[in-house]
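Let me begin by presenting the structure, written as structure tokens, before commenting on it.
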Amino acid sequence: MSKETIEPKLAQLMDLVPECEGLIAADTDGNVIVGQTLTEMDHGSIAKACAKILSDSNTLGNDIGKGTVKNTTIELEGGYAVLAGSEKLLLIALAGVDGRASLGLLKRNLISISNL
């Protein structure tokens with residue numbers, strides 16, 4: 001999926017969910033296609049780490065016979081990372097602790113975008 005296709009959809013999602021602190025789209029190797037965060041962050045580093053999480057989770061899923069990961073939410077001390085992936089695309093949403101109530105909305109929208 002191209003930057004021109006993804007970027008407006010991510011911008012709409014940022015507008016829809018005010019608690020969202022950032023959105024990043026990358027390929028499955030963690031190479032950033034487009035990213036937007038409220039504060040200065042290393043999008044490349046974030047995307048690489050999330051790609052590794054999905055890769056390792058897919059290994060686990062295959063080892064236990066459950067298949068590949070569709071999405072995951074990671075709760076951290078200071079907020080959340082929501083990851084959704086497809087065969088060619090990785091989408092990452094970042095939210096602070098105040099974003100807990102919006103995690104379902106973020107996840108649903110990321111899944112929808114990743115399936116385009």
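Labeling convention for the structure tokens: chains A, B, ... as they appear, residues from 1 per chain, ligands from 1 in order of appearance.
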
If we count only C-alpha atoms and set the cut-off at 9 Å, which residues sit around Leu103 in chain A, ignoring sequence neighbours fewer than 5 positions away in its own chain? Please answer as a compact mmCIF listing (two decimals) with N, CA and C atoms, in the first residue's frame.
# COMPACT_ATOMS: atom_id res chain seq x y z
N THR A 73 -2.43 -5.68 21.47
CA THR A 73 -2.33 -4.45 22.24
C THR A 73 -1.31 -4.69 23.35
N TYR A 80 0.01 2.77 25.78
CA TYR A 80 -0.30 1.57 24.99
C TYR A 80 0.28 1.67 23.59
N VAL A 82 -0.78 -0.30 19.98
CA VAL A 82 -1.70 -1.21 19.31
C VAL A 82 -1.10 -1.54 17.95
N ALA A 95 -0.81 5.39 22.28
CA ALA A 95 -1.72 6.15 23.12
C ALA A 95 -1.17 6.21 24.53
N ARG A 108 -9.93 -1.40 15.86
CA ARG A 108 -10.88 -1.63 14.79
C ARG A 108 -10.48 -0.87 13.52

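With only C-alpha atoms taken into account, the protein and nucleic acid residues at most 9 Å from Gly85 in chain A (excluding it and anything under 6 positions from it in its own chain) are A:Thr28, A:Leu54, A:Val69, A:Lys70, A:Asn71, A:Leu91, A:Ile92, A:Leu110, A:Ile111, A:Ser114, A:Asn115.
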
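For the set A:Gly65, A:Gly99, A:Glu77, A:Thr5, the residue with the smallest atom-to-atom gap to Gly22 in chain A is A:Gly99, counting only C-alpha atoms.
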
Write out as a PDB file with C-alpha atoms, in the first residue's frame the residues lying within 10 Å of Ala49 in chain A, counting only C-alpha atoms and excluding same-chain residues fewer than 6 positions away.
ATOM      1  CA  ASP A  29      10.335  -5.589   7.908  1.00  0.00           C
ATOM      2  CA  GLY A  30       9.782  -2.387   9.897  1.00  0.00           C
ATOM      3  CA  HIS A  43       9.542   6.129  13.943  1.00  0.00           C
ATOM      4  CA  SER A  55       7.460 -11.782  13.800  1.00  0.00           C
TER       5      SER A  55
END

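For Met1 in chain A, the residues within 8 Å (counting only C-alpha atoms, excluding itself and residues fewer than 4 positions away along the chain) are Thr5, Ile6, Lys88 and Leu89 of chain A.
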
Preceding selection exported with all heavy atoms as a PDB file, in the first residue's frame:
ATOM      1  N   THR A   5      -1.985   6.462  -0.211  1.00  0.00           N
ATOM      2  CA  THR A   5      -3.217   5.794   0.196  1.00  0.00           C
ATOM      3  C   THR A   5      -3.358   5.770   1.711  1.00  0.00           C
ATOM      4  O   THR A   5      -4.438   6.014   2.247  1.00  0.00           O
ATOM      5  CB  THR A   5      -3.238   4.341  -0.342  1.00  0.00           C
ATOM      6  OG1 THR A   5      -3.080   4.362  -1.759  1.00  0.00           O
ATOM      7  CG2 THR A   5      -4.530   3.644   0.012  1.00  0.00           C
ATOM      8  N   ILE A   6      -2.269   5.485   2.399  1.00  0.00           N
ATOM      9  CA  ILE A   6      -2.302   5.309   3.855  1.00  0.00           C
ATOM     10  C   ILE A   6      -2.381   6.635   4.602  1.00  0.00           C
ATOM     11  O   ILE A   6      -3.136   6.758   5.572  1.00  0.00           O
ATOM     12  CB  ILE A   6      -1.052   4.539   4.326  1.00  0.00           C
ATOM     13  CG1 ILE A   6      -1.001   3.154   3.708  1.00  0.00           C
ATOM     14  CG2 ILE A   6      -1.023   4.431   5.841  1.00  0.00           C
ATOM     15  CD1 ILE A   6       0.293   2.430   3.927  1.00  0.00           C
ATOM     16  N   LYS A  88       1.550  -7.589   4.133  1.00  0.00           N
ATOM     17  CA  LYS A  88       2.450  -6.576   3.583  1.00  0.00           C
ATOM     18  C   LYS A  88       2.551  -5.300   4.409  1.00  0.00           C
ATOM     19  O   LYS A  88       3.369  -4.440   4.112  1.00  0.00           O
ATOM     20  CB  LYS A  88       1.993  -6.196   2.175  1.00  0.00           C
ATOM     21  CG  LYS A  88       2.031  -7.338   1.194  1.00  0.00           C
ATOM     22  CD  LYS A  88       1.579  -6.902  -0.168  1.00  0.00           C
ATOM     23  CE  LYS A  88       1.608  -8.082  -1.130  1.00  0.00           C
ATOM     24  NZ  LYS A  88       1.199  -7.696  -2.459  1.00  0.00           N
ATOM     25  N   LEU A  89       1.714  -5.157   5.439  1.00  0.00           N
ATOM     26  CA  LEU A  89       1.608  -3.879   6.134  1.00  0.00           C
ATOM     27  C   LEU A  89       1.549  -4.065   7.634  1.00  0.00           C
ATOM     28  O   LEU A  89       0.904  -4.981   8.128  1.00  0.00           O
ATOM     29  CB  LEU A  89       0.342  -3.152   5.648  1.00  0.00           C
ATOM     30  CG  LEU A  89       0.093  -1.744   6.140  1.00  0.00           C
ATOM     31  CD1 LEU A  89       1.186  -0.791   5.635  1.00  0.00           C
ATOM     32  CD2 LEU A  89      -1.270  -1.265   5.668  1.00  0.00           C
TER      33      LEU A  89
END

Give me the residues near Cys20 in chain A as a PDB file with N, CA and C atoms, in the first residue's frame, where near means some atom within 12 Å (using only C-alpha atoms) and where sequence neighbours in that chain fewer than 4 positions away do not count.
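Ended up saving to around.pdb:
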ATOM      1  N   LEU A  10      -4.658   7.535   8.021  1.00  0.00           N
ATOM      2  CA  LEU A  10      -4.076   7.710   9.343  1.00  0.00           C
ATOM      3  C   LEU A  10      -4.406   9.088   9.914  1.00  0.00           C
ATOM      4  N   ALA A  11      -4.410  10.103   9.062  1.00  0.00           N
ATOM      5  CA  ALA A  11      -4.763  11.459   9.507  1.00  0.00           C
ATOM      6  C   ALA A  11      -6.205  11.492  10.005  1.00  0.00           C
ATOM      7  N   GLN A  12      -7.106  10.810   9.305  1.00  0.00           N
ATOM      8  CA  GLN A  12      -8.500  10.730   9.747  1.00  0.00           C
ATOM      9  C   GLN A  12      -8.603  10.056  11.107  1.00  0.00           C
ATOM     10  N   LEU A  13      -7.823   8.995  11.299  1.00  0.00           N
ATOM     11  CA  LEU A  13      -7.843   8.275  12.572  1.00  0.00           C
ATOM     12  C   LEU A  13      -7.300   9.142  13.698  1.00  0.00           C
ATOM     13  N   MET A  14      -6.256   9.911  13.436  1.00  0.00           N
ATOM     14  CA  MET A  14      -5.717  10.830  14.453  1.00  0.00           C
ATOM     15  C   MET A  14      -6.780  11.846  14.860  1.00  0.00           C
ATOM     16  N   ASP A  15      -7.552  12.330  13.896  1.00  0.00           N
ATOM     17  CA  ASP A  15      -8.619  13.281  14.186  1.00  0.00           C
ATOM     18  C   ASP A  15      -9.767  12.632  14.949  1.00  0.00           C
ATOM     19  N   LEU A  16     -10.061  11.384  14.634  1.00  0.00           N
ATOM     20  CA  LEU A  16     -11.168  10.657  15.242  1.00  0.00           C
ATOM     21  C   LEU A  16     -10.907  10.320  16.716  1.00  0.00           C
ATOM     22  N   ILE A  24       1.889   5.004  12.951  1.00  0.00           N
ATOM     23  CA  ILE A  24       2.998   4.677  12.064  1.00  0.00           C
ATOM     24  C   ILE A  24       2.578   3.518  11.167  1.00  0.00           C
ATOM     25  N   GLN A  36       3.345   9.672  12.002  1.00  0.00           N
ATOM     26  CA  GLN A  36       3.000  10.952  12.592  1.00  0.00           C
ATOM     27  C   GLN A  36       2.848  10.747  14.097  1.00  0.00           C
ATOM     28  N   THR A  37       3.603  11.502  14.875  1.00  0.00           N
ATOM     29  CA  THR A  37       3.490  11.444  16.324  1.00  0.00           C
ATOM     30  C   THR A  37       3.410  12.860  16.873  1.00  0.00           C
ATOM     31  N   LEU A  38       2.766  12.995  18.026  1.00  0.00           N
ATOM     32  CA  LEU A  38       2.605  14.316  18.631  1.00  0.00           C
ATOM     33  C   LEU A  38       3.924  14.874  19.145  1.00  0.00           C
ATOM     34  N   THR A  39       4.807  13.997  19.570  1.00  0.00           N
ATOM     35  CA  THR A  39       6.129  14.418  20.032  1.00  0.00           C
ATOM     36  C   THR A  39       7.186  13.776  19.144  1.00  0.00           C
ATOM     37  N   GLY A  79       1.434   3.950  28.871  1.00  0.00           N
ATOM     38  CA  GLY A  79       0.457   3.979  27.792  1.00  0.00           C
ATOM     39  C   GLY A  79       0.371   2.671  27.045  1.00  0.00           C
ATOM     40  N   TYR A  80       0.011   2.768  25.780  1.00  0.00           N
ATOM     41  CA  TYR A  80      -0.299   1.575  24.990  1.00  0.00           C
ATOM     42  C   TYR A  80       0.280   1.668  23.585  1.00  0.00           C
ATOM     43  N   ALA A  81       0.547   0.505  23.020  1.00  0.00           N
ATOM     44  CA  ALA A  81       0.875   0.373  21.604  1.00  0.00           C
ATOM     45  C   ALA A  81      -0.088  -0.664  21.044  1.00  0.00           C
ATOM     46  N   VAL A  82      -0.776  -0.300  19.981  1.00  0.00           N
ATOM     47  CA  VAL A  82      -1.705  -1.212  19.313  1.00  0.00           C
ATOM     48  C   VAL A  82      -1.104  -1.538  17.952  1.00  0.00           C
ATOM     49  N   ILE A  92       0.760   0.812  13.487  1.00  0.00           N
ATOM     50  CA  ILE A  92       1.036   0.984  14.907  1.00  0.00           C
ATOM     51  C   ILE A  92       0.334   2.245  15.389  1.00  0.00           C
ATOM     52  N   ALA A  93      -0.420   2.123  16.468  1.00  0.00           N
ATOM     53  CA  ALA A  93      -1.030   3.278  17.114  1.00  0.00           C
ATOM     54  C   ALA A  93      -0.455   3.387  18.513  1.00  0.00           C
ATOM     55  N   LEU A  94      -0.142   4.606  18.921  1.00  0.00           N
ATOM     56  CA  LEU A  94       0.396   4.869  20.244  1.00  0.00           C
ATOM     57  C   LEU A  94      -0.592   5.719  21.020  1.00  0.00           C
ATOM     58  N   ALA A  95      -0.808   5.389  22.281  1.00  0.00           N
ATOM     59  CA  ALA A  95      -1.724   6.150  23.121  1.00  0.00           C
ATOM     60  C   ALA A  95      -1.168   6.212  24.535  1.00  0.00           C
ATOM     61  N   GLY A  96      -1.472   7.293  25.227  1.00  0.00           N
ATOM     62  CA  GLY A  96      -1.083   7.434  26.620  1.00  0.00           C
ATOM     63  C   GLY A  96      -2.042   6.675  27.518  1.00  0.00           C
ATOM     64  N   VAL A  97      -1.830   6.768  28.816  1.00  0.00           N
ATOM     65  CA  VAL A  97      -2.694   6.052  29.759  1.00  0.00           C
ATOM     66  C   VAL A  97      -4.140   6.520  29.666  1.00  0.00           C
ATOM     67  N   ASP A  98      -4.360   7.755  29.239  1.00  0.00           N
ATOM     68  CA  ASP A  98      -5.718   8.271  29.083  1.00  0.00           C
ATOM     69  C   ASP A  98      -6.426   7.686  27.865  1.00  0.00           C
ATOM     70  N   GLY A  99      -5.731   6.930  27.057  1.00  0.00           N
ATOM     71  CA  GLY A  99      -6.298   6.354  25.845  1.00  0.00           C
ATOM     72  C   GLY A  99      -6.909   4.983  26.015  1.00  0.00           C
ATOM     73  N   ARG A 100      -6.952   4.479  27.228  1.00  0.00           N
ATOM     74  CA  ARG A 100      -7.460   3.119  27.479  1.00  0.00           C
ATOM     75  C   ARG A 100      -8.851   2.899  26.880  1.00  0.00           C
ATOM     76  N   ALA A 101      -9.750   3.855  27.056  1.00  0.00           N
ATOM     77  CA  ALA A 101     -11.124   3.701  26.569  1.00  0.00           C
ATOM     78  C   ALA A 101     -11.200   3.710  25.042  1.00  0.00           C
ATOM     79  N   SER A 102     -10.173   4.196  24.375  1.00  0.00           N
ATOM     80  CA  SER A 102     -10.183   4.304  22.909  1.00  0.00           C
ATOM     81  C   SER A 102      -9.439   3.175  22.216  1.00  0.00           C
ATOM     82  N   LEU A 103      -8.912   2.217  22.973  1.00  0.00           N
ATOM     83  CA  LEU A 103      -8.107   1.154  22.370  1.00  0.00           C
ATOM     84  C   LEU A 103      -8.906   0.323  21.368  1.00  0.00           C
ATOM     85  N   GLY A 104     -10.155   0.008  21.686  1.00  0.00           N
ATOM     86  CA  GLY A 104     -10.984  -0.766  20.763  1.00  0.00           C
ATOM     87  C   GLY A 104     -11.222  -0.031  19.451  1.00  0.00           C
ATOM     88  N   LEU A 105     -11.458   1.267  19.549  1.00  0.00           N
ATOM     89  CA  LEU A 105     -11.671   2.082  18.358  1.00  0.00           C
ATOM     90  C   LEU A 105     -10.406   2.146  17.509  1.00  0.00           C
ATOM     91  N   LEU A 106      -9.265   2.313  18.167  1.00  0.00           N
ATOM     92  CA  LEU A 106      -7.988   2.315  17.441  1.00  0.00           C
ATOM     93  C   LEU A 106      -7.767   0.981  16.745  1.00  0.00           C
ATOM     94  N   LYS A 107      -7.973  -0.099  17.478  1.00  0.00           N
ATOM     95  CA  LYS A 107      -7.739  -1.435  16.921  1.00  0.00           C
ATOM     96  C   LYS A 107      -8.648  -1.699  15.729  1.00  0.00           C
TER      97      LYS A 107
END

Restricting to only C-alpha atoms, whichever of A:Asn109, A:Ser45, A:Ser2, A:Thr72 is closest to Ile33 in chain A is A:Ser2

In terms of only C-alpha atoms, the residue from A:Lys66, A:Gly35, A:Pro8, A:Ala26 at minimal distance from Lys48 in chain A is A:Ala26
